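Structure data follow from coords-v5.txt (compact mmCIF, C-alpha atoms and all ligand atoms):
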# COMPACT_ATOMS: atom_id res chain seq x y z
CA MET A 1 0.00 0.00 0.00
CA LYS A 2 1.38 3.40 -0.99
CA ILE A 3 0.34 5.96 1.60
CA ASP A 4 -0.05 9.62 0.64
CA TYR A 5 1.52 11.69 3.44
CA GLN A 6 -0.21 15.09 3.76
CA LEU A 7 1.51 16.11 6.98
CA LYS A 8 1.33 19.28 9.05
CA ALA A 9 4.12 21.79 8.48
CA ALA A 10 7.16 21.01 10.63
CA SER A 11 6.50 24.17 12.69
CA GLU A 12 3.02 22.87 13.66
CA ARG A 13 4.08 19.34 14.53
CA ARG A 14 5.43 18.12 17.85
CA SER A 15 9.19 18.48 17.57
CA GLU A 16 10.29 17.10 20.95
CA PRO A 17 9.41 13.95 22.86
CA PHE A 18 6.22 14.30 24.91
CA ALA A 19 7.20 14.39 28.59
CA PRO A 20 3.95 15.08 30.47
CA GLU A 21 4.29 16.31 34.02
CA GLY A 22 0.84 15.50 35.37
CA GLU A 23 -1.50 12.60 34.78
CA VAL A 24 -2.12 11.88 31.12
CA GLY A 25 -5.34 9.92 31.72
CA PHE A 26 -6.94 7.59 29.21
CA GLY A 27 -8.24 8.54 25.77
CA ARG A 28 -8.20 12.29 26.33
CA LEU A 29 -5.26 13.41 24.17
CA ARG A 30 -4.77 13.16 20.42
CA THR A 31 -1.67 13.22 18.25
CA ASP A 32 -0.98 15.45 15.23
CA HIS A 33 -2.25 13.11 12.52
CA MET A 34 -4.76 10.43 11.60
CA PHE A 35 -4.88 7.75 8.90
CA LEU A 36 -7.79 7.71 6.45
CA MET A 37 -8.85 5.41 3.64
CA ASP A 38 -12.16 5.22 1.79
CA TYR A 39 -14.29 2.46 0.33
CA ARG A 40 -15.92 3.48 -2.94
CA ASP A 41 -17.00 1.63 -6.10
CA GLY A 42 -16.37 -1.70 -4.38
CA VAL A 43 -12.72 -1.08 -3.41
CA TRP A 44 -10.75 0.33 -0.51
CA GLN A 45 -8.71 3.23 -1.86
CA ASP A 46 -6.85 6.49 -1.24
CA PRO A 47 -4.77 5.64 1.88
CA ARG A 48 -3.47 8.86 3.43
CA ILE A 49 -2.13 10.37 6.61
CA VAL A 50 -3.53 13.84 7.25
CA PRO A 51 -3.65 16.31 10.17
CA TYR A 52 -6.01 15.16 12.93
CA GLY A 53 -9.23 17.15 12.50
CA SER A 54 -12.88 17.09 11.57
CA ILE A 55 -14.21 14.72 8.98
CA SER A 56 -16.98 16.05 6.79
CA MET A 57 -19.97 13.85 6.14
CA MET A 58 -23.45 14.31 4.72
CA PRO A 59 -26.25 14.45 7.33
CA GLY A 60 -27.67 11.37 5.60
CA ALA A 61 -24.49 9.33 6.23
CA MET A 62 -25.70 5.87 7.20
CA CYS A 63 -23.43 5.49 10.25
CA ILE A 64 -25.40 8.28 11.92
CA HIS A 65 -28.83 6.80 11.30
CA TYR A 66 -28.31 3.06 11.43
CA GLY A 67 -25.09 2.73 13.41
CA GLN A 68 -23.11 0.84 10.79
CA SER A 69 -19.85 1.51 12.57
CA ILE A 70 -17.20 -0.73 14.16
CA PHE A 71 -13.97 -0.13 16.03
CA GLU A 72 -10.92 -1.72 17.61
CA GLY A 73 -8.71 -0.88 20.58
CA ALA A 74 -5.02 -1.73 20.96
CA LYS A 75 -1.92 -0.38 22.63
CA ALA A 76 1.68 0.33 21.60
CA PHE A 77 4.50 0.34 24.14
CA LYS A 78 7.99 1.76 24.38
CA HIS A 79 10.75 -0.68 25.33
CA ASP A 80 14.08 -0.02 27.01
CA ASP A 81 15.72 0.05 23.55
CA GLY A 82 13.77 3.28 22.87
CA GLU A 83 11.68 1.67 20.12
CA ILE A 84 7.87 1.50 19.96
CA TYR A 85 6.20 -1.92 19.64
CA THR A 86 2.60 -2.91 18.93
CA PHE A 87 1.17 -5.94 20.75
CA ARG A 88 -0.83 -8.63 18.90
CA LEU A 89 -2.16 -6.16 16.36
CA ASP A 90 -2.82 -9.01 13.94
CA LYS A 91 -5.56 -10.19 16.31
CA ASN A 92 -7.18 -6.75 16.31
CA ALA A 93 -7.12 -6.67 12.51
CA GLU A 94 -8.70 -10.14 12.37
CA ARG A 95 -11.39 -9.09 14.88
CA MET A 96 -12.09 -5.91 12.90
CA ASN A 97 -13.01 -8.11 9.95
CA ASN A 98 -15.15 -10.39 12.16
CA SER A 99 -17.02 -7.29 13.34
CA ALA A 100 -17.26 -6.12 9.72
CA ASP A 101 -18.88 -9.44 8.73
CA ILE A 102 -21.43 -9.12 11.54
CA VAL A 103 -22.67 -5.66 10.46
CA CYS A 104 -22.18 -6.13 6.69
CA ILE A 105 -19.13 -3.87 6.21
CA PRO A 106 -16.61 -4.92 3.51
CA ASN A 107 -13.43 -6.50 4.91
CA LEU A 108 -10.18 -4.56 4.88
CA ASP A 109 -6.98 -6.53 4.32
CA GLU A 110 -5.49 -7.37 7.75
CA ASN A 111 -1.89 -6.61 6.75
CA LEU A 112 -3.01 -3.30 5.37
CA GLN A 113 -4.77 -2.40 8.65
CA GLN A 114 -1.54 -3.13 10.54
CA GLN A 115 0.56 -1.22 8.02
CA ALA A 116 -1.72 1.82 8.42
CA ILE A 117 -1.35 1.76 12.21
CA HIS A 118 2.42 1.37 12.09
CA ALA A 119 2.75 4.20 9.56
CA LEU A 120 0.68 6.55 11.74
CA ILE A 121 2.59 5.68 14.93
CA ASP A 122 5.84 6.25 13.05
CA VAL A 123 4.72 9.74 11.93
CA ASP A 124 3.54 10.70 15.44
CA ARG A 125 6.18 8.77 17.42
CA LEU A 126 7.21 11.90 19.37
CA TRP A 127 3.76 11.81 20.99
CA PHE A 128 4.61 8.65 22.93
CA PRO A 129 4.22 9.78 26.57
CA GLU A 130 7.53 9.44 28.38
CA GLN A 131 6.05 8.25 31.68
CA ASP A 132 6.04 4.94 33.61
CA GLY A 133 3.36 2.55 32.38
CA ALA A 134 2.22 4.90 29.59
CA CYS A 135 1.26 3.81 26.09
CA LEU A 136 -0.11 4.99 22.79
CA TYR A 137 -3.70 3.82 22.65
CA VAL A 138 -4.63 2.92 19.07
CA ARG A 139 -8.21 3.36 17.88
CA PRO A 140 -8.95 2.06 14.34
CA PHE A 141 -12.58 2.33 13.19
CA ILE A 142 -14.78 2.01 10.11
CA PHE A 143 -18.04 3.86 9.55
CA ALA A 144 -20.64 4.03 6.78
CA THR A 145 -20.69 7.28 4.83
CA GLU A 146 -23.21 6.76 2.04
CA ASP A 147 -25.95 9.43 2.05
CA ARG A 148 -29.03 7.18 1.87
CA LEU A 149 -32.00 6.64 4.15
CA SER A 150 -33.04 3.08 3.33
CA VAL A 151 -31.96 0.46 5.85
CA SER A 152 -29.43 -1.58 3.90
CA PRO A 153 -25.62 -1.94 3.86
CA SER A 154 -23.91 1.30 2.85
CA GLN A 155 -21.96 1.40 -0.42
CA ALA A 156 -19.33 3.79 1.01
CA TYR A 157 -17.17 3.69 4.15
CA THR A 158 -14.20 5.37 5.78
CA PHE A 159 -11.46 3.57 7.70
CA CYS A 160 -9.76 5.88 10.19
CA VAL A 161 -6.99 5.34 12.75
CA MET A 162 -6.40 7.79 15.56
CA LEU A 163 -3.94 7.65 18.45
CA SER A 164 -4.32 8.71 22.03
CA PRO A 165 -1.27 9.10 24.29
CA SER A 166 -2.47 7.49 27.53
CA GLY A 167 -1.14 7.12 31.06
CA ALA A 168 -0.82 4.03 33.24
CA TYR A 169 -4.20 2.49 34.10
CA TYR A 170 -3.05 1.66 37.62
CA LYS A 171 -0.80 3.91 39.64
CA ALA A 172 0.65 1.05 41.68
CA GLY A 173 -0.10 -2.30 40.04
CA THR A 174 -3.60 -3.75 40.36
CA ASP A 175 -4.41 -1.75 43.44
CA LYS A 176 -8.17 -1.77 43.73
CA ALA A 177 -10.85 -4.45 43.55
CA ILE A 178 -14.15 -3.29 42.07
CA ARG A 179 -17.79 -4.25 42.73
CA LEU A 180 -20.02 -5.53 39.93
CA LEU A 181 -23.79 -5.33 39.69
CA ILE A 182 -25.25 -8.66 38.57
CA THR A 183 -28.07 -7.43 36.39
CA LYS A 184 -31.06 -9.52 35.38
CA LYS A 185 -32.75 -6.47 33.92
CA PHE A 186 -30.30 -5.47 31.18
CA HIS A 187 -28.64 -7.68 28.59
CA ARG A 188 -25.70 -6.86 26.38
CA ALA A 189 -26.33 -9.41 23.68
CA VAL A 190 -28.60 -12.17 22.45
CA SER A 191 -27.79 -15.18 20.35
CA GLY A 192 -27.95 -14.24 16.69
CA GLY A 193 -27.26 -10.59 17.52
CA THR A 194 -24.13 -8.46 17.35
CA GLY A 195 -22.55 -9.25 20.76
CA ALA A 196 -19.44 -10.87 19.30
CA SER A 197 -18.56 -7.70 17.39
CA LYS A 198 -17.18 -4.32 18.37
CA ALA A 199 -20.14 -2.61 16.74
CA ALA A 200 -20.71 0.93 18.05
CA GLY A 201 -24.36 0.20 18.90
CA ASN A 202 -23.34 -2.44 21.46
CA TYR A 203 -21.71 0.30 23.49
CA SER A 204 -24.58 2.79 23.39
CA ALA A 205 -26.82 -0.09 24.46
CA SER A 206 -24.58 -0.65 27.50
CA LEU A 207 -24.82 2.89 28.89
CA ARG A 208 -28.10 2.41 30.74
CA ALA A 209 -26.83 -0.66 32.55
CA ALA A 210 -23.61 1.12 33.54
CA LYS A 211 -25.69 4.01 34.90
CA GLU A 212 -27.72 1.61 37.00
CA ALA A 213 -24.51 -0.06 38.26
CA ALA A 214 -23.34 3.32 39.53
CA GLU A 215 -26.59 3.71 41.47
CA TYR A 216 -25.71 0.47 43.30
CA GLY A 217 -22.18 1.71 44.04
CA ALA A 218 -20.80 -0.75 41.49
CA ALA A 219 -18.13 0.09 38.92
CA GLN A 220 -19.71 -1.99 36.15
CA VAL A 221 -22.27 -4.67 35.43
CA LEU A 222 -21.80 -8.38 35.10
CA TYR A 223 -23.96 -9.35 32.15
CA LEU A 224 -25.80 -12.66 32.09
CA ASP A 225 -27.15 -14.44 29.04
CA SER A 226 -30.74 -13.65 28.07
CA THR A 227 -32.06 -16.53 30.24
CA ASN A 228 -30.30 -15.02 33.29
CA THR A 229 -28.54 -18.31 34.06
CA GLN A 230 -25.03 -18.00 32.58
CA LEU A 231 -22.23 -15.49 33.11
CA GLU A 232 -21.23 -13.52 30.02
CA GLU A 233 -19.19 -10.29 30.18
CA VAL A 234 -18.18 -7.46 32.51
CA GLY A 235 -18.97 -4.07 30.93
CA ALA A 236 -16.34 -3.92 28.17
CA MET A 237 -14.26 -6.84 29.44
CA ASN A 238 -14.39 -10.63 29.47
CA HIS A 239 -15.13 -12.13 32.88
CA PHE A 240 -12.91 -14.74 34.59
CA HIS A 241 -12.52 -16.44 37.94
CA VAL A 242 -9.75 -18.32 39.72
CA ARG A 243 -10.49 -21.59 41.50
CA LYS A 244 -8.87 -22.87 44.71
CA ASP A 245 -6.52 -25.10 42.66
CA GLY A 246 -5.23 -21.98 40.86
CA SER A 247 -6.96 -22.69 37.55
CA ILE A 248 -8.36 -19.72 35.64
CA VAL A 249 -11.78 -20.04 34.02
CA ILE A 250 -13.11 -17.77 31.26
CA PRO A 251 -16.66 -18.17 29.90
CA LYS A 252 -16.65 -19.94 26.52
CA PHE A 253 -16.68 -17.60 23.53
CA THR A 254 -20.13 -17.64 21.95
CA ASP A 255 -21.87 -15.28 19.56
CA THR A 256 -22.85 -13.16 22.58
CA ILE A 257 -19.31 -12.71 23.95
CA LEU A 258 -16.55 -10.64 22.38
CA LYS A 259 -13.35 -12.62 21.72
CA SER A 260 -11.06 -10.60 23.97
CA ILE A 261 -7.44 -10.50 22.84
CA THR A 262 -6.40 -10.27 26.49
CA SER A 263 -8.32 -13.49 27.21
CA LEU A 264 -6.86 -15.20 24.12
CA THR A 265 -3.41 -14.22 25.36
CA ILE A 266 -4.03 -15.52 28.91
CA LEU A 267 -5.35 -18.77 27.42
CA GLU A 268 -2.08 -19.15 25.49
CA LEU A 269 0.05 -18.17 28.50
CA GLY A 270 -1.12 -20.91 30.88
CA GLU A 271 2.31 -22.54 31.17
CA VAL A 272 4.10 -19.23 31.74
CA LEU A 273 1.52 -18.29 34.39
CA GLY A 274 2.03 -21.67 36.05
CA CYS A 275 -1.64 -22.63 35.99
CA GLU A 276 -4.32 -24.15 33.83
CA VAL A 277 -6.44 -21.67 31.87
CA ARG A 278 -9.64 -22.99 30.34
CA GLN A 279 -13.01 -21.93 28.98
CA GLU A 280 -16.31 -23.25 30.31
CA THR A 281 -19.96 -22.37 30.40
CA VAL A 282 -20.26 -20.69 33.82
CA MET A 283 -23.66 -21.05 35.52
CA LEU A 284 -24.65 -18.17 37.82
CA ASN A 285 -26.00 -20.32 40.69
CA GLN A 286 -22.91 -22.54 40.76
CA PHE A 287 -20.62 -19.52 40.48
CA ILE A 288 -22.19 -17.85 43.54
CA ALA A 289 -22.23 -21.14 45.50
CA ASP A 290 -18.54 -21.67 44.67
CA ILE A 291 -17.62 -18.17 45.88
CA GLU A 292 -19.52 -18.77 49.11
CA SER A 293 -17.89 -22.15 49.71
CA GLY A 294 -14.41 -20.76 49.03
CA GLU A 295 -13.99 -22.88 45.88
CA ILE A 296 -13.61 -19.66 43.85
CA ILE A 297 -10.93 -17.42 45.36
CA GLU A 298 -10.48 -14.56 42.87
CA ALA A 299 -12.43 -13.02 39.99
CA GLY A 300 -12.19 -10.15 37.57
CA GLY A 301 -12.28 -8.84 34.02
CA PHE A 302 -9.79 -9.07 31.15
CA GLY A 303 -9.43 -6.26 28.60
CA THR A 304 -6.89 -4.07 26.82
CA ALA A 305 -7.50 -0.95 28.93
CA ALA A 306 -6.62 -2.41 32.34
CA VAL A 307 -5.30 -5.87 31.31
CA VAL A 308 -6.96 -7.25 34.45
CA SER A 309 -9.58 -5.62 36.71
CA PRO A 310 -9.93 -7.46 40.03
CA VAL A 311 -13.48 -7.91 41.37
CA GLY A 312 -13.85 -7.83 45.16
CA SER A 313 -17.61 -8.29 45.36
CA TYR A 314 -20.85 -8.67 43.42
CA ILE A 315 -24.17 -7.03 44.26
CA PHE A 316 -27.57 -8.28 43.08
CA GLU A 317 -30.44 -5.96 42.19
CA ASP A 318 -32.14 -6.92 45.51
CA GLY A 319 -29.11 -5.56 47.41
CA ARG A 320 -27.53 -8.94 48.30
CA ILE A 321 -23.73 -8.76 48.32
CA VAL A 322 -21.34 -11.65 47.69
CA THR A 323 -17.67 -11.07 48.51
CA VAL A 324 -14.92 -12.95 46.67
CA GLY A 325 -12.28 -14.28 49.11
CA ASP A 326 -11.32 -11.41 51.40
CA GLY A 327 -12.52 -8.82 48.85
CA LYS A 328 -8.97 -7.71 48.08
CA VAL A 329 -6.71 -8.18 45.06
CA GLY A 330 -5.43 -11.78 45.08
CA LYS A 331 -2.00 -13.17 44.25
CA HIS A 332 -3.07 -14.88 41.01
CA ILE A 333 -4.38 -11.61 39.61
CA LYS A 334 -1.19 -9.80 40.61
CA ASN A 335 0.84 -12.49 38.86
CA ILE A 336 -1.27 -12.31 35.66
CA TYR A 337 -0.88 -8.53 35.56
CA GLN A 338 2.88 -8.68 36.11
CA VAL A 339 3.55 -11.38 33.50
CA PHE A 340 1.30 -9.73 30.92
CA THR A 341 2.66 -6.21 31.31
CA ASP A 342 6.27 -7.45 31.45
CA MET A 343 5.69 -9.08 28.05
CA GLN A 344 4.11 -5.97 26.57
CA LEU A 345 7.05 -3.91 27.79
CA GLY A 346 9.68 -6.34 26.51
CA LYS A 347 10.91 -7.22 30.01
CA ARG A 348 9.95 -10.86 29.48
CA THR A 349 10.21 -12.80 26.23
CA ALA A 350 6.94 -12.88 24.32
CA PRO A 351 6.08 -15.59 21.77
CA ASN A 352 7.27 -14.89 18.25
CA GLY A 353 5.29 -12.25 16.40
CA TRP A 354 3.35 -10.83 19.36
CA LEU A 355 5.43 -7.66 19.47
CA GLN A 356 6.10 -5.77 16.23
CA GLN A 357 8.56 -2.92 16.16
CA VAL A 358 7.34 0.29 14.52
CA LYS A 359 10.02 0.95 11.91
CA GLN A 360 11.47 4.46 11.74
CA THR A 361 11.14 5.81 8.21
CA GLY A 362 12.03 9.42 8.98
CA VAL A 363 8.80 10.98 7.61
C1 LIG A 401 -17.50 -6.11 25.14
C2 LIG A 401 -16.04 -6.28 25.33
N1 LIG A 401 -15.61 -7.45 25.87
C3 LIG A 401 -14.29 -7.68 26.06
C4 LIG A 401 -13.34 -6.73 25.74
C5 LIG A 401 -11.88 -7.01 25.95
O1 LIG A 401 -11.26 -7.26 24.73
P1 LIG A 401 -9.70 -6.98 24.55
O2 LIG A 401 -9.01 -7.83 25.54
O3 LIG A 401 -9.41 -7.37 23.15
O4 LIG A 401 -9.52 -5.53 24.81
C6 LIG A 401 -13.75 -5.51 25.18
C7 LIG A 401 -12.77 -4.50 24.78
O5 LIG A 401 -12.37 -4.44 23.67
C8 LIG A 401 -15.13 -5.28 24.97
O6 LIG A 401 -15.56 -4.13 24.44

Kindly return the structure encoded in the file as structure tokens.
Ligand SMILES: Cc1ncc(COP(=O)(O)O)c(C=O)c1O
Amino acid sequence: MKIDYQLKAASERRSEPFAPEGEVGFGRLRTDHMFLMDYRDGVWQDPRIVPYGSISMMPGAMCIHYGQSIFEGAKAFKHDDGEIYTFRLDKNAERMNNSADIVCIPNLDENLQQQAIHALIDVDRLWFPEQDGACLYVRPFIFATEDRLSVSPSQAYTFCVMLSPSGAYYKAGTDKAIRLLITKKFHRAVSGGTGASKAAGNYSASLRAAKEAAEYGAAQVLYLDSTNTQLEEVGAMNHFHVRKDGSIVIPKFTDTILKSITSLTILELGEVLGCEVRQETVMLNQFIADIESGEIIEAGGFGTAAVVSPVGSYIFEDGRIVTVGDGKVGKHIKNIYQVFTDMQLGKRTAPNGWLQQVKQTGV
């Protein structure tokens, strides 16, 4: 792919490494540029890197009316050698196309998606925040742009990648255990629906449940399946629990659960973590009984943003609270977090191909 570079003038671009003094936060900042590419006349075309700014669209653009829009989320890290590396980006590109299939968006070559992200990071590499635990958060997305009001797949799309310099999710390791609301009132996904995709509409549909969780003093909701019997996901994370024998259990991927790249990675890391990691159908009644009997000793969520979010307790809509172990962050979760982040940061060898260096081209 030959990218057209339409960059800001040197005087308007960051010219020194970004060394933030205060907290950078998550998702707040932007870099100088973005990557764009359009789908027209049946082909993806016109790859370009342009200054970050508004995108003009007709009011009839189909993404606005019918939500034909999908996205991904990944992170790039700086290693001690001073180079920037992406982590398992091939999995994000593959999942982007799975999401595309689910909401009838044309696929975009997976190598090309990765090339676009690497090219943009290279251009804006000075934006990498020089701070402990910081990263460049990568947000690729595709949205429908055809100006038409009939409900049918759009004939035109834009693929965009933007970057957000972000700070460490935890200030001191996995320091806090959260509470989850077990909701029987709201559901994230149903079989045959769009739950296994990162379709924008899944996230607007989750806002009401998250609002209710806050009313219960919970950080997020634990979603059940539509029959209210099986565990599914935690907000925008996969759920997991740790049993007394140290084994880690993640609910089986179905068409109502997003295939988390963090979960996939933990599943492949079993040996390194020193425990068995498996997927099962997790029944709510058994799960609660196993927490109460001490058979389940830790629980939490897996996702790119935090890597692992420890859960200290669950609250039901009738106010009943169930505490996991002593309600604090357990040793298995601390170990998962350490091993995972050490790999991302190049402090521990990662399997071949997981980390890809962003080549310096001097643009
Ligand atoms: C619904 C949902 N589940 C799980 C995850 C975790 O996936 P990953 O580990 O790839 O970030 C995410 C975040 O992308 C999500 O939005």

ask   = Counting all atoms listed in the file, what residues are within 7 Å of ligand LIG 401 (chain A), given as a count of residues only?
value = 19

ask   = Which residues, written as a count of residues only, have at least one atom at most 9 Å from Lys78 in chain A, with all atoms listed in the file counted and residues fewer than 4 positions away on the same chain left out?
value = 13

Near-Gly193 in chain A list (10 Å; all atoms listed in the file; drop same-chain fewer than 2 positions) as a ChimeraX atom specification = /A:102-103,188-191,195-197,202,255-256

Test item: residues at most 9 Å from range 286-291 of chain A, all atoms listed in the file, excluding those fewer than 3 positions along its chain, as a list in words =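 Counting all atoms listed in the file, the residues come to Leu231, Arg243, Val282, Met283, Gly294, Glu295, Ile296, Ile297, Glu298, Val322, Thr323, Val324 and Gly325 of chain A.
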
task = Can you work out the spacing between CA of Gly274 in chain A and CA of Ala350 in chain A in Å, to one decimal?
result = 15.5 Å

query = Any idea what's packed within 10 Å of Tyr170 in chain A, counting all atoms listed in the file, ignoring anything in its chain fewer than 3 positions away? Could you give it as a list in words?
reply =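 The residues that qualify are Gly133, Gly167, Gly173, Thr174, Asp175, Lys176, Ala306 and Ser309 of chain A.
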